[in-house]
$ cat upload_22.cif   # mmCIF, C-alpha atoms
data_protein
loop_
_atom_site.label_atom_id
_atom_site.label_comp_id
_atom_site.auth_asym_id
_atom_site.auth_seq_id
_atom_site.Cartn_x
_atom_site.Cartn_y
_atom_site.Cartn_z
CA MET A 1 -78.25 15.96 -7.82
CA LYS A 2 -78.62 12.81 -5.76
CA SER A 3 -78.46 9.43 -7.41
CA LYS A 4 -81.17 6.79 -7.15
CA GLU A 5 -78.80 4.68 -5.05
CA GLN A 6 -78.43 7.56 -2.61
CA ASP A 7 -82.22 7.92 -2.42
CA ILE A 8 -82.52 4.23 -1.53
CA ILE A 9 -79.79 4.43 1.12
CA GLU A 10 -81.38 7.47 2.77
CA ALA A 11 -84.82 5.84 2.72
CA ALA A 12 -83.39 2.64 4.22
CA VAL A 13 -81.64 4.54 7.04
CA ARG A 14 -84.91 6.28 7.94
CA LEU A 15 -86.87 3.01 7.98
CA PHE A 16 -84.17 0.97 9.75
CA SER A 17 -84.02 3.67 12.45
CA GLU A 18 -87.78 3.92 12.89
CA LYS A 19 -88.89 0.28 12.52
CA GLY A 20 -85.72 -1.71 12.99
CA TYR A 21 -83.77 -3.61 10.38
CA THR A 22 -85.63 -6.92 10.69
CA ALA A 23 -89.11 -5.35 10.51
CA THR A 24 -88.32 -3.33 7.36
CA SER A 25 -89.08 -4.92 3.99
CA VAL A 26 -87.70 -4.27 0.52
CA ASP A 27 -91.21 -3.14 -0.53
CA GLU A 28 -91.17 -0.44 2.14
CA ILE A 29 -87.69 0.75 1.19
CA ALA A 30 -88.74 0.98 -2.46
CA ARG A 31 -91.90 2.95 -1.63
CA GLU A 32 -90.03 5.27 0.73
CA SER A 33 -87.45 6.02 -1.97
CA GLY A 34 -90.20 6.67 -4.55
CA MET A 35 -89.76 3.71 -6.85
CA ALA A 36 -91.24 0.32 -7.67
CA LYS A 37 -89.84 -2.84 -6.10
CA ALA A 38 -88.55 -3.99 -9.49
CA SER A 39 -86.56 -0.76 -9.82
CA PHE A 40 -84.99 -1.34 -6.40
CA TYR A 41 -83.35 -4.55 -7.66
CA LYS A 42 -81.61 -2.61 -10.42
CA PHE A 43 -79.43 -1.05 -7.72
CA PHE A 44 -79.31 -3.56 -4.85
CA GLN A 45 -79.72 -7.33 -4.76
CA SER A 46 -81.13 -7.48 -1.23
CA LYS A 47 -81.94 -5.60 1.95
CA GLU A 48 -78.59 -6.74 3.34
CA ASP A 49 -76.78 -5.03 0.46
CA VAL A 50 -78.53 -1.76 1.34
CA LEU A 51 -77.42 -2.08 4.97
CA ILE A 52 -73.83 -2.62 3.82
CA ALA A 53 -74.12 0.49 1.65
CA THR A 54 -75.37 2.55 4.62
CA VAL A 55 -72.35 1.50 6.71
CA LEU A 56 -69.88 2.38 3.95
CA GLU A 57 -71.70 5.66 3.24
CA HIS A 58 -71.41 6.56 6.92
CA GLY A 59 -67.63 6.08 6.77
CA ARG A 60 -67.34 8.04 3.53
CA MET A 61 -69.32 11.00 4.88
CA ILE A 62 -67.20 11.20 8.04
CA ASN A 63 -64.05 11.09 5.92
CA GLU A 64 -65.27 13.97 3.75
CA ARG A 65 -66.16 16.13 6.74
CA ILE A 66 -62.82 15.49 8.43
CA GLU A 67 -61.03 16.54 5.26
CA ARG A 68 -63.06 19.76 5.17
CA LEU A 69 -62.37 20.34 8.87
CA TYR A 70 -58.61 20.20 8.34
CA ALA A 71 -58.62 21.93 4.97
CA GLY A 72 -60.06 25.11 6.48
CA MET A 73 -58.29 28.01 8.12
CA GLU A 74 -55.58 27.55 10.75
CA GLN A 75 -57.19 26.42 13.98
CA SER A 76 -56.04 26.24 17.58
CA PRO A 77 -55.66 22.82 19.23
CA GLU A 78 -58.81 23.52 21.26
CA GLN A 79 -60.81 24.35 18.12
CA LYS A 80 -59.55 21.21 16.39
CA LEU A 81 -60.52 19.00 19.32
CA ASN A 82 -63.96 20.64 19.64
CA GLY A 83 -64.51 20.33 15.91
CA PHE A 84 -63.46 16.70 15.84
CA VAL A 85 -65.74 15.64 18.72
CA GLN A 86 -68.64 17.70 17.36
CA LEU A 87 -68.18 16.13 13.93
CA HIS A 88 -68.47 12.62 15.36
CA LEU A 89 -71.51 13.56 17.41
CA SER A 90 -73.37 15.18 14.53
CA MET A 91 -72.54 12.42 12.07
CA MET A 92 -73.71 9.68 14.41
CA LEU A 93 -76.93 11.51 15.24
CA GLU A 94 -77.67 12.50 11.65
CA SER A 95 -77.03 9.14 10.02
CA LYS A 96 -78.49 7.09 12.92
CA ILE A 97 -76.28 4.24 11.72
CA HIS A 98 -75.19 3.53 15.29
CA SER A 99 -78.78 2.90 16.40
CA ILE A 100 -79.31 0.53 13.46
CA LEU A 101 -76.25 -1.55 14.32
CA MET A 102 -77.15 -1.55 18.02
CA ALA A 103 -80.59 -2.89 17.13
CA LEU A 104 -79.02 -5.81 15.27
CA HIS A 105 -77.43 -7.06 18.51
CA ASP A 106 -74.35 -7.88 16.38
CA LYS A 107 -75.78 -11.23 15.19
CA THR A 108 -76.67 -10.08 11.70
CA ILE A 109 -73.20 -8.56 11.40
CA LEU A 110 -71.49 -11.78 12.46
CA GLN A 111 -73.42 -13.92 10.00
CA ASN A 112 -72.98 -11.71 6.92
CA GLU A 113 -69.40 -11.66 5.64
CA LYS A 114 -69.81 -8.55 3.47
CA LEU A 115 -71.52 -6.60 6.25
CA LEU A 116 -68.86 -7.71 8.70
CA GLN A 117 -66.12 -6.49 6.36
CA ALA A 118 -67.87 -3.13 5.94
CA CYS A 119 -68.24 -2.66 9.70
CA LEU A 120 -64.62 -3.60 10.34
CA GLN A 121 -63.46 -1.25 7.59
CA VAL A 122 -65.33 1.71 9.11
CA GLU A 123 -64.12 0.72 12.60
CA TYR A 124 -60.52 0.71 11.38
CA GLN A 125 -61.00 4.09 9.68
CA ALA A 126 -62.47 5.56 12.87
CA ASN A 127 -59.44 4.47 14.90
CA ARG A 128 -57.09 5.90 12.29
CA TRP A 129 -58.98 9.23 12.28
CA CYS A 130 -58.81 9.47 16.07
CA THR A 131 -55.11 8.58 16.11
CA ASP A 132 -54.22 11.20 13.51
CA CYS A 133 -56.33 13.85 15.24
CA LEU A 134 -54.85 13.29 18.70
CA THR A 135 -51.28 13.22 17.37
CA ASP A 136 -51.88 16.43 15.39
CA ILE A 137 -53.24 18.23 18.48
CA TYR A 138 -50.92 16.97 21.22
CA GLY A 139 -47.83 15.81 19.33
CA GLU A 140 -45.91 12.56 19.49
CA GLN A 141 -45.90 12.59 23.30
CA VAL A 142 -49.46 11.31 23.22
CA SER A 143 -48.69 8.40 20.88
CA ILE A 144 -48.12 5.85 23.67
CA TYR A 145 -51.56 6.62 25.13
CA VAL A 146 -53.44 6.83 21.86
CA TYR A 147 -55.45 3.59 22.06
CA ASP A 148 -56.34 4.07 25.73
CA ILE A 149 -57.68 7.51 24.82
CA ILE A 150 -59.52 6.26 21.72
CA PHE A 151 -61.33 3.53 23.66
CA MET A 152 -62.37 5.93 26.43
CA VAL A 153 -63.44 8.68 24.00
CA ARG A 154 -65.57 6.35 21.93
CA SER A 155 -67.13 4.87 25.07
CA LEU A 156 -68.08 8.38 26.21
CA LEU A 157 -69.63 9.15 22.83
CA MET A 158 -71.68 5.96 22.76
CA GLN A 159 -72.95 6.44 26.31
CA TYR A 160 -74.04 10.01 25.66
CA LEU A 161 -75.75 8.92 22.44
CA PHE A 162 -77.67 6.04 23.98
CA LEU A 163 -80.52 8.05 25.49
CA PRO A 164 -81.22 10.02 22.27
CA VAL A 165 -81.52 6.64 20.51
CA ILE A 166 -84.55 5.82 22.68
CA GLY A 167 -86.05 9.28 22.22
CA LEU A 168 -84.73 11.29 25.21
CA GLN A 169 -82.97 14.56 24.52
CA PRO A 170 -80.22 16.21 26.61
CA GLN A 171 -80.61 19.67 28.15
CA THR A 172 -77.71 20.99 26.10
CA THR A 173 -77.11 21.52 22.39
CA ASN A 174 -74.81 19.26 20.42
CA GLU A 175 -72.22 22.07 20.38
CA GLU A 176 -72.31 22.34 24.18
CA LEU A 177 -72.08 18.57 24.56
CA ALA A 178 -69.12 18.50 22.16
CA ARG A 179 -67.30 21.18 24.16
CA PHE A 180 -67.98 19.29 27.39
CA LEU A 181 -66.65 16.01 25.98
CA ALA A 182 -63.67 17.75 24.36
CA GLY A 183 -62.81 19.25 27.77
CA LEU A 184 -62.88 15.81 29.36
CA VAL A 185 -60.62 14.44 26.65
CA ASP A 186 -58.20 17.34 27.03
CA GLN A 187 -57.87 16.84 30.79
CA MET A 188 -57.50 13.10 30.31
CA VAL A 189 -54.65 13.52 27.82
CA LYS A 190 -52.81 16.18 29.83
CA ASN A 191 -52.97 14.13 33.04
CA MET A 192 -51.69 11.02 31.28
CA VAL A 193 -48.71 12.96 29.97
CA LYS A 194 -48.09 14.95 33.16
CA TYR A 195 -48.18 11.99 35.54
CA GLU A 196 -46.63 9.54 33.06
CA TYR A 197 -49.35 6.95 33.37
CA LYS A 198 -48.41 3.46 32.28
CA PRO A 199 -50.45 2.75 29.10
CA ILE A 200 -52.92 -0.09 29.36
CA TRP A 201 -52.32 -1.00 25.71
CA ASP A 202 -48.98 -1.14 23.95
CA TRP A 203 -49.83 1.04 20.96
CA LYS A 204 -46.97 -0.49 18.90
CA LYS A 205 -48.52 -3.93 19.21
CA VAL A 206 -52.19 -3.02 18.87
CA THR A 207 -53.29 -3.58 15.27
CA MET A 208 -56.88 -2.70 14.47
CA LYS A 209 -56.92 -3.65 10.80
CA PRO A 210 -60.00 -5.66 9.79
CA GLU A 211 -58.03 -8.79 8.92
CA CYS A 212 -56.38 -8.77 12.37
CA VAL A 213 -59.74 -8.51 14.13
CA GLU A 214 -61.08 -11.41 12.08
CA GLN A 215 -58.12 -13.57 13.11
CA SER A 216 -58.59 -12.85 16.82
CA PRO A 217 -59.40 -16.04 18.81
CA VAL A 218 -61.99 -14.03 20.81
CA PHE A 219 -63.73 -12.89 17.64
CA GLN A 220 -63.61 -16.39 16.16
CA GLY A 221 -64.98 -17.89 19.37
CA ILE A 222 -67.95 -15.52 19.16
CA MET A 223 -68.44 -16.47 15.51
CA ILE A 224 -68.47 -20.19 16.35
CA HIS A 225 -71.02 -19.62 19.12
CA GLU A 226 -73.34 -17.54 16.89
CA LEU A 227 -73.14 -19.99 13.98
CA LEU A 228 -73.98 -22.94 16.22
CA LEU A 229 -76.98 -21.01 17.56
CA ALA A 230 -78.11 -20.28 14.01
CA ILE A 231 -77.90 -23.98 13.09
CA LYS A 232 -79.95 -24.92 16.15
CA ARG A 233 -82.68 -22.44 15.22
CA HIS A 234 -82.89 -23.93 11.74
CA VAL A 235 -82.91 -27.54 12.93
CA ASP A 236 -86.21 -26.98 14.73
CA ALA A 237 -87.77 -25.73 11.49
CA LEU A 238 -86.56 -28.58 9.25
CA ALA A 239 -89.28 -30.72 7.67
CA ILE A 240 -87.83 -34.04 8.80
CA GLY A 241 -89.00 -36.94 10.96
CA ASP A 242 -88.43 -37.15 14.71
CA GLU A 243 -85.79 -39.88 14.44
CA GLU A 244 -83.79 -37.97 11.84
CA GLN A 245 -84.06 -34.75 13.84
CA GLN A 246 -82.83 -36.53 16.95
CA GLU A 247 -79.82 -37.84 15.02
CA LEU A 248 -79.07 -34.30 13.85
CA TRP A 249 -79.26 -32.98 17.41
CA GLN A 250 -76.77 -35.66 18.48
CA VAL A 251 -74.39 -34.59 15.72
CA LEU A 252 -74.71 -30.97 16.85
CA HIS A 253 -74.00 -31.94 20.45
CA SER A 254 -70.87 -33.82 19.35
CA LEU A 255 -69.77 -30.82 17.29
CA GLU A 256 -70.16 -28.48 20.27
CA GLN A 257 -68.01 -30.79 22.38
CA GLU A 258 -65.33 -31.02 19.69
CA VAL A 259 -64.91 -27.26 19.18
CA ILE A 260 -64.28 -26.66 22.90
CA ARG A 261 -61.79 -29.53 23.30
CA THR A 262 -58.26 -28.57 24.34
CA GLU A 263 -57.00 -30.71 21.45
CA ARG A 264 -59.47 -30.40 18.61
CA ARG A 265 -59.82 -33.39 16.30
CA SER A 266 -59.98 -31.75 12.91
CA GLY A 267 -61.00 -34.94 11.14
CA MET A 268 -63.94 -35.46 13.50
CA ILE A 269 -65.06 -31.83 13.14
CA ARG A 270 -64.86 -32.08 9.36
CA ALA A 271 -66.95 -35.28 9.35
CA LEU A 272 -69.62 -33.73 11.59
CA LEU A 273 -69.79 -30.58 9.45
CA ASN A 274 -70.03 -32.68 6.29
CA PHE A 275 -73.05 -34.43 7.79
CA ILE A 276 -74.68 -31.10 8.64
CA SER A 277 -73.92 -29.78 5.14
CA GLY A 278 -76.19 -32.48 3.77
CA TYR A 279 -79.11 -30.22 4.67
CA ASP A 280 -79.41 -27.27 2.30
CA GLU A 281 -80.69 -24.96 5.04
CA LEU A 282 -77.58 -25.63 7.14
CA ALA A 283 -74.88 -25.90 4.49
CA GLU A 284 -73.79 -22.24 4.53
CA TYR A 285 -73.44 -22.19 8.32
CA ALA A 286 -71.40 -25.41 8.19
CA ARG A 287 -69.14 -23.89 5.53
CA LYS A 288 -68.45 -20.82 7.66
CA LEU A 289 -67.72 -22.97 10.70
CA GLN A 290 -65.26 -25.06 8.70
CA GLN A 291 -63.48 -21.87 7.55
CA ILE A 292 -63.01 -20.73 11.14
CA VAL A 293 -61.76 -24.14 12.29
CA ASP A 294 -59.31 -24.24 9.39
CA LEU A 295 -57.98 -20.79 10.33
CA ARG A 296 -57.36 -21.86 13.91
CA GLN A 297 -55.43 -25.01 12.94
CA SER A 298 -52.32 -23.00 12.18
CA SER A 299 -52.19 -21.49 15.68
CA SER A 300 -53.83 -24.19 17.83
CA HIS A 301 -52.93 -27.75 18.73
CA VAL A 302 -55.16 -30.00 16.64
CA THR A 303 -55.13 -33.68 15.83
CA ASP A 304 -56.64 -35.81 13.13
#

$ encode --input "upload_22.cif" --output "structure tokens"
Amino acid sequence: MKSKEQDIIEAAVRLFSEKGYTATSVDEIARESGMAKASFYKFFQSKEDVLIATVLEHGRMINERIERLYAGMEQSPEQKLNGFVQLHLSMMLESKIHSILMALHDKTILQNEKLLQACLQVEYQANRWCTDCLTDIYGEQVSIYVYDIIFMVRSLLMQYLFLPVIGLQPQTTNEELARFLAGLVDQMVKNMVKYEYKPIWDWKKVTMKPECVEQSPVFQGIMIHELLLAIKRHVDALAIGDEEQQELWQVLHSLEQEVIRTERRSGMIRALLNFISGYDELAEYARKLQQIVDLRQSSSHVTD
């Protein structure tokens, strides 16, 4: 018997997929799951919490199916590869979680720490599943190519799933598509091994754990950009006078210049962020920006 939480998650996935995350309200999720709005808050504090739950549920369901796939009877390498690709296809199409996250354009993910952690956790799990599967099928000889293969496989999957997201259906069944993609993967792996391709990525140095992604300067640069954009959007909506708003825009301009300096002045950045934090609507964004700047101080040249 399904739990009430599961009913809410399933209702949310349906609505997020049909209407989009932003356009879906808590009232609608409650009605779709057959309960009053007050009952909804017994299980989740917000719509964002439901989205986080859908991401984690997606990862859990894939994990369960992979376990069942490998717990069954002895299978040939071809059957394992077909089963693995088909599992990913069916799970992504059934849960529709990929279309929900695509619709967010990544900005909601970047600005919600819990959601970001959930997405990174599932991403890390997916890479681990692919690594274990490929090594099991082709042996250790494939280990040096594993991340090149993973990136190409997942790109293929996402491209073939894009058109169904907007309502177009392929001429083949999911099983036929899975066999086609599995055949491409098989030829890719065998050619890499046969011709001793030089791996693009050094698999011994590539670490895809969530904490490593968060510490990436590329990821942190994106975070800084998105947080500054969020602050700008809120500044326009603040109920303050023209002179005060102009002063705030000048502070924001100075902050943008500071964060792209070759030698960041941490004291200046801190002072600018403290000023911005004086506005309740901007305080949380300023806090997150300060966290990122503090993280970078240990690996970048900064001055006071």

$ closest_residue --input "upload_22.cif" --among "A:Ser46, A:Asn82, A:Gln141, A:Thr54" --to "Arg14 (chain A)" --atoms "all atoms listed in the file"
A:Thr54

$ resolve_selection --input "upload_22.cif" --expression "the PyMOL selection byres ((chain A and resi 29) around 10)" --output "MDAnalysis selection string"
chainID A and resid 7:16 24:28 30:37 40 47 50

$ closest_residue --input "upload_22.cif" --among "A:Asp202, A:Asp242, A:Asp186, A:Glu175" --to "Tyr145 (chain A)" --atoms "all atoms listed in the file"
A:Asp202

$ resolve_selection --input "upload_22.cif" --expression "the PyMOL selection byres ((chain A and resi 178) around 10)" --output "list in words"
Leu81, Asn82, Gly83, Phe84, Val85, Gln86, Leu87, His88, Leu89, Ser90, Leu157, Thr172, Thr173, Asn174, Glu175, Glu176, Leu177, Arg179, Phe180, Leu181, Ala182, Gly183 and Leu184 of chain A

$ atom_distance --input "upload_22.cif" --atom1 "CA of Leu116 (chain A)" --atom2 "CA of Ile52 (chain A)"
8.6 Å

$ closest_residue --input "upload_22.cif" --among "A:Leu273, A:Ser76, A:Ala237, A:Gln171" --to "Ser254 (chain A)" --atoms "all atoms listed in the file"
A:Leu273

$ residues_around --input "upload_22.cif" --residues "region 193-199 of chain A" --least-positions-apart "4" --cutoff "12 Å" --atoms "all atoms listed in the file" --output "list in words"
Tyr138, Gly139, Glu140, Gln141, Val142, Ser143, Ile144, Tyr145, Val146, Tyr147, Asp148, Ile149, Asp186, Gln187, Met188, Val189, Trp203, Lys204 and Val206 of chain A

$ closest_residue --input "upload_22.cif" --among "A:Met268, A:Leu289, A:Val185, A:Leu228" --to "Glu256 (chain A)" --atoms "only C-alpha atoms"
A:Leu228

$ atom_distance --input "upload_22.cif" --atom1 "CA of Gly20 (chain A)" --atom2 "CA of His58 (chain A)"
17.6 Å

$ atom_distance --input "upload_22.cif" --atom1 "CA of Arg128 (chain A)" --atom2 "CA of Leu163 (chain A)"
27.0 Å
